[in-house]
Amino acid sequence: MFLQPYQPDIIEKKWQKIWEENNTFTAKDDFSKPKFYALIEFPYPSGAGLHVGHPRSNTALDIISRKRRMEGFNVLYPIGWDAFGLPTENYAIANHVPPAKVTKDNIDHFRRQLKRIGFSFDYSREINTTDPHYYRWTQWIFLKLFEHGLAYKAQMPINWCTSCKVGLANEEVVDGVCERCGSEVVRKVKNQWMLRITQYAQKLLDGLDTVDFIDRVKSQQRNWIGRSDGAEVTFQIKDSDTDLEVFTTRPDTLFGATYMVVSPEHPLIEKLSDRITNLTDLIDYRTQAGKKSDFERTELVTAKTGLPIKGIVAINPANGQEIPVWVSDYVLMSYGTGAIMAVPGHDARDWEFANTFKLPIVEVVAGGDVSIAAHADIEEGVLVNSGFLNGLTVIDAKEKMMQFIIEKGIGNRKVNYKLRDWVFSRQRYWGEPIPIIHCENCGTVPLKESDLPLILPEVEAYELTDSGESPLALMTDWVNVPCPVCGGAAKRETDTMPQWAGSSWYFMRYCDPHNDSAFASAEALDYWMPVDWYNGGMEHTTLHLLYSRFWHLFLHDIGQVKAPEPYQKRTSHGMILGENGEKMSKSRGNVINPDIMIDEIGADAFRMYEMFMGAFDQAIPWNNNGARGCKRFLDRLWRLQEILDVKAKGLSPGLEVAVNSTLKKVTEDYERMKFNTAIAAMMSLVNDFYAAGIVRPDEFKALLKILSPVAPHICEELWQIQGYGDPIYMQPWPGYDENKLQSDMVEIAVQINGKIKGKLMVASSLSKLEGEEILPVSDEVMALLDGKKIVKTIFVPGRLLNLVVK
RNA sequence: GCCGAUGUGGCGAAAUGGCAGACGCGGCAGAUUCAAAAUCUGUUGUCCGAGAGGACAUGUCGGUUCAAGUCCGACCAUCGGUACCA
């Protein structure tokens, strides 16, 4: 019989058309069915187009989604575009085209690319964060946050390019200079919108205990939120009514505090300026520190800098000693109180600082040698040189000092979080306008909900203004408005929201994307939320993932959504690297274009290689030959038709175990995202068919069903060619026979003293006790013993026999 | 510095504490072909040995165990994140 060759280009187009025409993957709002909501991070439609990293996450959840449909779930697997942001705006500036136009072109390009790969997205629910119908609700959520006191304005430092006269994103600052012009970048204070995410620190922490996130995501979030329990302690400045408050996790070491350090920006310097004798030097130091980012301050590990504040001393409340106060940039205004008590004997950073500036180092916990290094171990050692704490363990001393501090009224218990409030302003054009009006009489006035959306107006030019304001500031017609409260002259806020805004709630919009009276209906949210499975990159663990949990927790608190947590399960994929093992990037010249790959091997082989190339959660270099190997496998699958015995019934006796165990393995491996071993198992099964020289219809059907989530086009085509009835996507997921997972006889290893000395065929049902009784006295085993005496026998059924001999 | 990962053949990797290297890539040899491509068959951790066979092998050093890639301790290297977090 003549066999048509496997032509992926033809069959892939064919099946994509069939799926589209039949709305195969449209999620039904049939709230009576069990639902499954699969979510991938919606892409930023960059000008560079899709890269091979996107399909890794998309294919993984496409496999899960297709499997869930076959298991009878009503599946929502949506796609959209996170389209506000800097690259598009910069492109628009450079090429004098409206960002909206760039965005539309990029989205069209991305959509074409995605459709070629055959993902089972519900394109009818496509969303776009730059669409006013969408960002209307982003603005609405902002108004709610404002209404509940979670949005506020504060003076915050930004990166400021002295030459371009613009605020820069961290990413645009390279080695302390402006990425574009190479000029010096300084930190300039601006009045910025902030979101009070810190108010949710504890909830964000507690919520992690209720969700199924992979461990490394949980620990990264926990560490980012960074709860620490300690004390706030007040130190008096001698001969003044001023005091200095510090946070410490080690109140037990208070007797060892030999000096204090404040951040260069600390208000104490202004407050006591008339007593400080080296004020000029301190201001200079502050200016220098202002040129460094927090990151640089933290990078300078070895060379600690600092200055004493001359003219003042502080008093250690534990022992009444006078101790100097220093300024150093390693103390940041943004954490704790912006001041520390330094205990050089028991803190590595303080020890470095004290060593550099020859400040006294006192041991207060025995067990180390503080002349060589700080002894920071809290498990070991008892207190010394510490008055009433002497002889206590660190744990006990902490508690006793805590009580002392409270009784004396010089401090209290305090929980601190590393987490900082979220800077929500951007002096940029391509973002959601912040729906606020500033009125001289009424102050900060929110827009009425009925006035939303506040449309982002078209402007002449997208460049930032010389004053560093958004280009919107030049739109006087738009900026000047009557105050909604008093009707007097007022001005609109011209800052826009960061790109994170639109992505902080998009998963809710997918539930009901065309709703014009709410961000989504309560029924749709009740049914679809929470997301059952969210896969994305580790790089979004601390920002996007935390921000979106924060917004969802907030919307839950104000009664808008039922569950507190948005994502039931979160997994993460590894990055795909270039063929040379480096991160893929234009500048490295190692970018793989998925379109070219698909032209060569087809979408099915491409999808398959994305999943087969290695462990899903590990970073992996791309290899074109590996991808071609997957095409080769699909060719072999196609040619199985040549050895297909169409009349045979059931499973071949010799392949029952292989077929059943593959069904089980693939079913389980998909769920554990072990796609590479699932595919390897299917490859082995195909090898078994060829070795047997025959494949039966029931075997072929089973293989096509379990392979179809990975390579849907070829499986549907083969299914149709063979006339197996309704398409695979309408078939139920296959089960397997628990009794046919193992052959009757298995080969086990025979070890003598842990070394393999031989092999033995035994019944797979042989129990541990039976084996240990029968096997050592069998002829085969006796022959290996060489007359030695058995001391101990271990039989692991189906695995091995180990004899300890003398 | 801190946090999180990862170290296994020429390469990507696999392995509920139980026969290390499944599956694939690449290589080598052969079949087919006028030839090539494609396909098929065999082979492929390293070292010693003609061979049977043996020894050594999962970053390093220790430990637990009848048995360790897997568990424990210390260290080294690489990658990612980062806000010196007191």
# chains A, B, ... in the order shown; residues from 1 in each chain; ligands from 1
call {"tool": "closest_atom_pairs", "arguments": {"of": "chain B", "to": "chain A", "cutoff": "10 Å", "atoms": "only C-alpha atoms (C1' of nucleotides)", "output": "JSON lines"}}
result
{"residue": "B:G1", "atom": "C1'", "partner": "A:Val301", "partner_atom": "CA", "distance": 6.6}
{"residue": "B:C3", "atom": "C1'", "partner": "A:Asn223", "partner_atom": "CA", "distance": 6.8}
{"residue": "B:G4", "atom": "C1'", "partner": "A:Arg216", "partner_atom": "CA", "distance": 6.5}
{"residue": "B:A5", "atom": "C1'", "partner": "A:Arg216", "partner_atom": "CA", "distance": 8.2}
{"residue": "B:U6", "atom": "C1'", "partner": "A:Gln618", "partner_atom": "CA", "distance": 8.6}
{"residue": "B:C11", "atom": "C1'", "partner": "A:Asn623", "partner_atom": "CA", "distance": 9.4}
{"residue": "B:G12", "atom": "C1'", "partner": "A:Met613", "partner_atom": "CA", "distance": 6.1}
{"residue": "B:A13", "atom": "C1'", "partner": "A:Gly614", "partner_atom": "CA", "distance": 6.3}
{"residue": "B:A14", "atom": "C1'", "partner": "A:Thr677", "partner_atom": "CA", "distance": 7.7}
{"residue": "B:G18", "atom": "C1'", "partner": "A:Arg799", "partner_atom": "CA", "distance": 6.3}
{"residue": "B:C19", "atom": "C1'", "partner": "A:Ala749", "partner_atom": "CA", "distance": 5.5}
{"residue": "B:A22", "atom": "C1'", "partner": "A:Ala680", "partner_atom": "CA", "distance": 8.0}
{"residue": "B:C23", "atom": "C1'", "partner": "A:Ala680", "partner_atom": "CA", "distance": 4.4}
{"residue": "B:G24", "atom": "C1'", "partner": "A:Gly629", "partner_atom": "CA", "distance": 6.9}
{"residue": "B:C25", "atom": "C1'", "partner": "A:Gly626", "partner_atom": "CA", "distance": 5.2}
{"residue": "B:G26", "atom": "C1'", "partner": "A:Asn625", "partner_atom": "CA", "distance": 8.8}
{"residue": "B:C66", "atom": "C1'", "partner": "A:Val804", "partner_atom": "CA", "distance": 6.3}
{"residue": "B:A67", "atom": "C1'", "partner": "A:Gly754", "partner_atom": "CA", "distance": 6.0}
{"residue": "B:C79", "atom": "C1'", "partner": "A:Ala619", "partner_atom": "CA", "distance": 9.1}
{"residue": "B:G80", "atom": "C1'", "partner": "A:Glu539", "partner_atom": "CA", "distance": 8.7}
{"residue": "B:G81", "atom": "C1'", "partner": "A:Glu539", "partner_atom": "CA", "distance": 7.8}
{"residue": "B:U82", "atom": "C1'", "partner": "A:Phe295", "partner_atom": "CA", "distance": 8.0}
{"residue": "B:A83", "atom": "C1'", "partner": "A:Asp294", "partner_atom": "CA", "distance": 6.5}
{"residue": "B:C84", "atom": "C1'", "partner": "A:Thr298", "partner_atom": "CA", "distance": 4.6}
{"residue": "B:C85", "atom": "C1'", "partner": "A:Tyr335", "partner_atom": "CA", "distance": 6.1}
{"residue": "B:A86", "atom": "C1'", "partner": "A:Thr248", "partner_atom": "CA", "distance": 6.0}
call {"tool": "select_by_dssp", "arguments": {"residues": "stretch 450-538 of chain A", "states": "alpha helix (DSSP H)", "output": "number ranges by chain"}}
result
A: 476-479, 500-503, 506-509, 522-528
call {"tool": "select_by_dssp", "arguments": {"residues": "stretch 500-536 of chain A", "states": "strand (DSSP E or B)", "output": "mmCIF file with N, CA and C atoms, in the first residue's frame"}}
result
data_model
loop_
_atom_site.group_PDB
_atom_site.id
_atom_site.type_symbol
_atom_site.label_atom_id
_atom_site.label_comp_id
_atom_site.auth_asym_id
_atom_site.auth_seq_id
_atom_site.Cartn_x
_atom_site.Cartn_y
_atom_site.Cartn_z
ATOM 1 N N VAL A 531 -7.323 30.726 39.523
ATOM 2 C CA VAL A 531 -6.566 30.044 38.478
ATOM 3 C C VAL A 531 -6.104 28.699 39.045
ATOM 4 N N TRP A 533 -3.910 26.556 37.592
ATOM 5 C CA TRP A 533 -2.492 26.259 37.346
ATOM 6 C C TRP A 533 -1.890 27.429 36.576
ATOM 7 N N TYR A 534 -0.914 28.061 37.188
ATOM 8 C CA TYR A 534 -0.258 29.221 36.582
ATOM 9 C C TYR A 534 1.214 28.877 36.404
ATOM 10 N N ASN A 535 1.665 28.909 35.152
ATOM 11 C CA ASN A 535 3.084 28.669 34.917
ATOM 12 C C ASN A 535 3.735 29.932 34.373
ATOM 13 N N GLY A 536 4.949 30.204 34.839
ATOM 14 C CA GLY A 536 5.652 31.389 34.355
ATOM 15 C C GLY A 536 7.104 31.354 34.744
#
call {"tool": "closest_residue", "arguments": {"among": "A:Ile225, A:Glu440, A:Pro734, A:Cys164", "to": "A:Thr465", "atoms": "only C-alpha atoms"}}
result
A:Cys164
call {"tool": "residues_around", "arguments": {"residues": "B:G63", "least_positions_apart": "3", "cutoff": "12 Å", "atoms": "only C-alpha atoms (C1' of nucleotides)", "output": "VMD selection string"}}
result
chain B and resid 68 71 to 74
call {"tool": "atom_distance", "arguments": {"atom1": "atom CA of A:Gly502", "atom2": "atom CA of A:Lys583"}}
result
27.3 Å
call {"tool": "atom_distance", "arguments": {"atom1": "atom CA of A:Pro471", "atom2": "atom CA of A:Arg136"}}
result
20.6 Å
call {"tool": "closest_residue", "arguments": {"among": "A:Thr258, A:Asn316, A:Thr59, A:Thr444", "to": "A:Phe353", "atoms": "only C-alpha atoms"}}
result
A:Thr258
call {"tool": "residues_around", "arguments": {"residues": "B:G7", "least_positions_apart": "2", "cutoff": "9 Å", "atoms": "only C-alpha atoms (C1' of nucleotides)", "output": "compact mmCIF listing (two decimals) with N, CA and C atoms (P, O5', C5', C4', C3', O3' and C1' of nucleotides), in the first residue's frame"}}
result
# COMPACT_ATOMS: atom_id res chain seq x y z
P G B 59 28.65 14.83 40.76
O5' G B 59 30.16 15.28 40.89
C5' G B 59 30.90 15.68 39.74
C4' G B 59 32.01 16.60 40.14
C3' G B 59 32.71 16.23 41.44
O3' G B 59 33.71 15.26 41.23
C1' G B 59 32.13 18.52 41.49
P A B 77 35.43 28.55 44.57
O5' A B 77 34.73 27.99 43.26
C5' A B 77 35.53 27.53 42.17
C4' A B 77 34.64 26.90 41.13
C3' A B 77 33.54 27.79 40.58
O3' A B 77 34.02 28.66 39.58
C1' A B 77 32.64 25.68 41.13
P U B 78 33.29 30.06 39.34
O5' U B 78 31.95 29.61 38.60
C5' U B 78 31.99 29.05 37.30
C4' U B 78 30.63 28.54 36.90
C3' U B 78 29.51 29.57 36.95
O3' U B 78 29.49 30.41 35.81
C1' U B 78 28.79 27.59 38.00
call {"tool": "decode", "arguments": {"residues": "stretch 36-47 of chain A", "atoms": "all heavy atoms", "output": "PDB file, in the first residue's frame"}}
result
ATOM      1  N   PHE A  36     -11.550  24.085  34.602  1.00  0.00           N
ATOM      2  CA  PHE A  36     -10.110  24.113  34.804  1.00  0.00           C
ATOM      3  C   PHE A  36      -9.567  25.361  34.133  1.00  0.00           C
ATOM      4  O   PHE A  36      -9.789  25.597  32.957  1.00  0.00           O
ATOM      5  CB  PHE A  36      -9.430  22.873  34.226  1.00  0.00           C
ATOM      6  CG  PHE A  36      -7.961  22.804  34.542  1.00  0.00           C
ATOM      7  CD1 PHE A  36      -7.525  22.324  35.766  1.00  0.00           C
ATOM      8  CD2 PHE A  36      -7.017  23.256  33.624  1.00  0.00           C
ATOM      9  CE1 PHE A  36      -6.165  22.289  36.072  1.00  0.00           C
ATOM     10  CE2 PHE A  36      -5.661  23.223  33.925  1.00  0.00           C
ATOM     11  CZ  PHE A  36      -5.233  22.742  35.153  1.00  0.00           C
ATOM     12  N   TYR A  37      -8.858  26.176  34.929  1.00  0.00           N
ATOM     13  CA  TYR A  37      -8.339  27.436  34.422  1.00  0.00           C
ATOM     14  C   TYR A  37      -6.812  27.332  34.388  1.00  0.00           C
ATOM     15  O   TYR A  37      -6.165  27.265  35.426  1.00  0.00           O
ATOM     16  CB  TYR A  37      -8.809  28.576  35.346  1.00  0.00           C
ATOM     17  CG  TYR A  37      -8.447  29.988  34.911  1.00  0.00           C
ATOM     18  CD1 TYR A  37      -8.907  31.083  35.646  1.00  0.00           C
ATOM     19  CD2 TYR A  37      -7.664  30.251  33.788  1.00  0.00           C
ATOM     20  CE1 TYR A  37      -8.602  32.389  35.275  1.00  0.00           C
ATOM     21  CE2 TYR A  37      -7.341  31.545  33.406  1.00  0.00           C
ATOM     22  CZ  TYR A  37      -7.805  32.611  34.158  1.00  0.00           C
ATOM     23  OH  TYR A  37      -7.487  33.903  33.789  1.00  0.00           O
ATOM     24  N   ALA A  38      -6.285  27.287  33.160  1.00  0.00           N
ATOM     25  CA  ALA A  38      -4.833  27.223  32.969  1.00  0.00           C
ATOM     26  C   ALA A  38      -4.350  28.584  32.499  1.00  0.00           C
ATOM     27  O   ALA A  38      -4.960  29.200  31.635  1.00  0.00           O
ATOM     28  CB  ALA A  38      -4.484  26.168  31.930  1.00  0.00           C
ATOM     29  N   LEU A  39      -3.269  29.047  33.099  1.00  0.00           N
ATOM     30  CA  LEU A  39      -2.805  30.409  32.780  1.00  0.00           C
ATOM     31  C   LEU A  39      -1.301  30.428  32.537  1.00  0.00           C
ATOM     32  O   LEU A  39      -0.528  29.843  33.294  1.00  0.00           O
ATOM     33  CB  LEU A  39      -3.139  31.344  33.946  1.00  0.00           C
ATOM     34  CG  LEU A  39      -2.816  32.831  33.769  1.00  0.00           C
ATOM     35  CD1 LEU A  39      -3.730  33.484  32.746  1.00  0.00           C
ATOM     36  CD2 LEU A  39      -2.948  33.572  35.106  1.00  0.00           C
ATOM     37  N   ILE A  40      -0.917  31.094  31.456  1.00  0.00           N
ATOM     38  CA  ILE A  40       0.494  31.412  31.229  1.00  0.00           C
ATOM     39  C   ILE A  40       0.630  32.924  31.282  1.00  0.00           C
ATOM     40  O   ILE A  40      -0.343  33.650  31.066  1.00  0.00           O
ATOM     41  CB  ILE A  40       0.979  30.898  29.857  1.00  0.00           C
ATOM     42  CG1 ILE A  40      -0.040  31.251  28.779  1.00  0.00           C
ATOM     43  CG2 ILE A  40       1.220  29.405  29.894  1.00  0.00           C
ATOM     44  CD1 ILE A  40       0.511  31.917  27.600  1.00  0.00           C
ATOM     45  N   GLU A  41       1.817  33.394  31.589  1.00  0.00           N
ATOM     46  CA  GLU A  41       2.038  34.841  31.622  1.00  0.00           C
ATOM     47  C   GLU A  41       1.826  35.402  30.221  1.00  0.00           C
ATOM     48  O   GLU A  41       2.437  34.924  29.267  1.00  0.00           O
ATOM     49  CB  GLU A  41       3.464  35.123  32.106  1.00  0.00           C
ATOM     50  CG  GLU A  41       3.583  34.920  33.602  1.00  0.00           C
ATOM     51  CD  GLU A  41       5.010  34.708  34.083  1.00  0.00           C
ATOM     52  OE1 GLU A  41       5.910  34.625  33.223  1.00  0.00           O
ATOM     53  OE2 GLU A  41       5.219  34.618  35.295  1.00  0.00           O
ATOM     54  N   PHE A  42       0.917  36.380  30.094  1.00  0.00           N
ATOM     55  CA  PHE A  42       0.665  36.912  28.753  1.00  0.00           C
ATOM     56  C   PHE A  42       1.878  37.697  28.269  1.00  0.00           C
ATOM     57  O   PHE A  42       2.527  38.391  29.033  1.00  0.00           O
ATOM     58  CB  PHE A  42      -0.642  37.698  28.667  1.00  0.00           C
ATOM     59  CG  PHE A  42      -0.808  38.935  29.521  1.00  0.00           C
ATOM     60  CD1 PHE A  42      -1.795  39.876  29.203  1.00  0.00           C
ATOM     61  CD2 PHE A  42      -0.035  39.170  30.628  1.00  0.00           C
ATOM     62  CE1 PHE A  42      -1.979  41.013  29.971  1.00  0.00           C
ATOM     63  CE2 PHE A  42      -0.215  40.308  31.413  1.00  0.00           C
ATOM     64  CZ  PHE A  42      -1.187  41.221  31.060  1.00  0.00           C
ATOM     65  N   PRO A  43       2.214  37.536  26.986  1.00  0.00           N
ATOM     66  CA  PRO A  43       3.473  38.092  26.510  1.00  0.00           C
ATOM     67  C   PRO A  43       3.433  39.605  26.343  1.00  0.00           C
ATOM     68  O   PRO A  43       2.375  40.197  26.140  1.00  0.00           O
ATOM     69  CB  PRO A  43       3.685  37.407  25.167  1.00  0.00           C
ATOM     70  CG  PRO A  43       2.336  36.980  24.730  1.00  0.00           C
ATOM     71  CD  PRO A  43       1.538  36.721  25.975  1.00  0.00           C
ATOM     72  N   TYR A  44       4.616  40.195  26.427  1.00  0.00           N
ATOM     73  CA  TYR A  44       4.816  41.570  26.037  1.00  0.00           C
ATOM     74  C   TYR A  44       5.110  41.555  24.543  1.00  0.00           C
ATOM     75  O   TYR A  44       6.101  40.945  24.127  1.00  0.00           O
ATOM     76  CB  TYR A  44       5.989  42.171  26.823  1.00  0.00           C
ATOM     77  CG  TYR A  44       6.281  43.591  26.431  1.00  0.00           C
ATOM     78  CD1 TYR A  44       5.474  44.618  26.888  1.00  0.00           C
ATOM     79  CD2 TYR A  44       7.330  43.896  25.574  1.00  0.00           C
ATOM     80  CE1 TYR A  44       5.707  45.930  26.513  1.00  0.00           C
ATOM     81  CE2 TYR A  44       7.573  45.208  25.193  1.00  0.00           C
ATOM     82  CZ  TYR A  44       6.763  46.218  25.662  1.00  0.00           C
ATOM     83  OH  TYR A  44       6.985  47.507  25.276  1.00  0.00           O
ATOM     84  N   PRO A  45       4.274  42.154  23.716  1.00  0.00           N
ATOM     85  CA  PRO A  45       4.465  42.042  22.266  1.00  0.00           C
ATOM     86  C   PRO A  45       5.593  42.945  21.779  1.00  0.00           C
ATOM     87  O   PRO A  45       5.360  44.050  21.313  1.00  0.00           O
ATOM     88  CB  PRO A  45       3.107  42.475  21.697  1.00  0.00           C
ATOM     89  CG  PRO A  45       2.505  43.338  22.747  1.00  0.00           C
ATOM     90  CD  PRO A  45       3.064  42.917  24.070  1.00  0.00           C
ATOM     91  N   SER A  46       6.798  42.439  21.881  1.00  0.00           N
ATOM     92  CA  SER A  46       7.965  43.222  21.493  1.00  0.00           C
ATOM     93  C   SER A  46       8.143  43.169  19.979  1.00  0.00           C
ATOM     94  O   SER A  46       7.597  42.305  19.311  1.00  0.00           O
ATOM     95  CB  SER A  46       9.217  42.652  22.154  1.00  0.00           C
ATOM     96  OG  SER A  46       9.573  41.456  21.510  1.00  0.00           O
ATOM     97  N   GLY A  47       8.922  44.091  19.475  1.00  0.00           N
ATOM     98  CA  GLY A  47       9.156  44.157  18.043  1.00  0.00           C
ATOM     99  C   GLY A  47       9.950  42.975  17.519  1.00  0.00           C
ATOM    100  O   GLY A  47       9.908  42.656  16.338  1.00  0.00           O
TER     101      GLY A  47
END
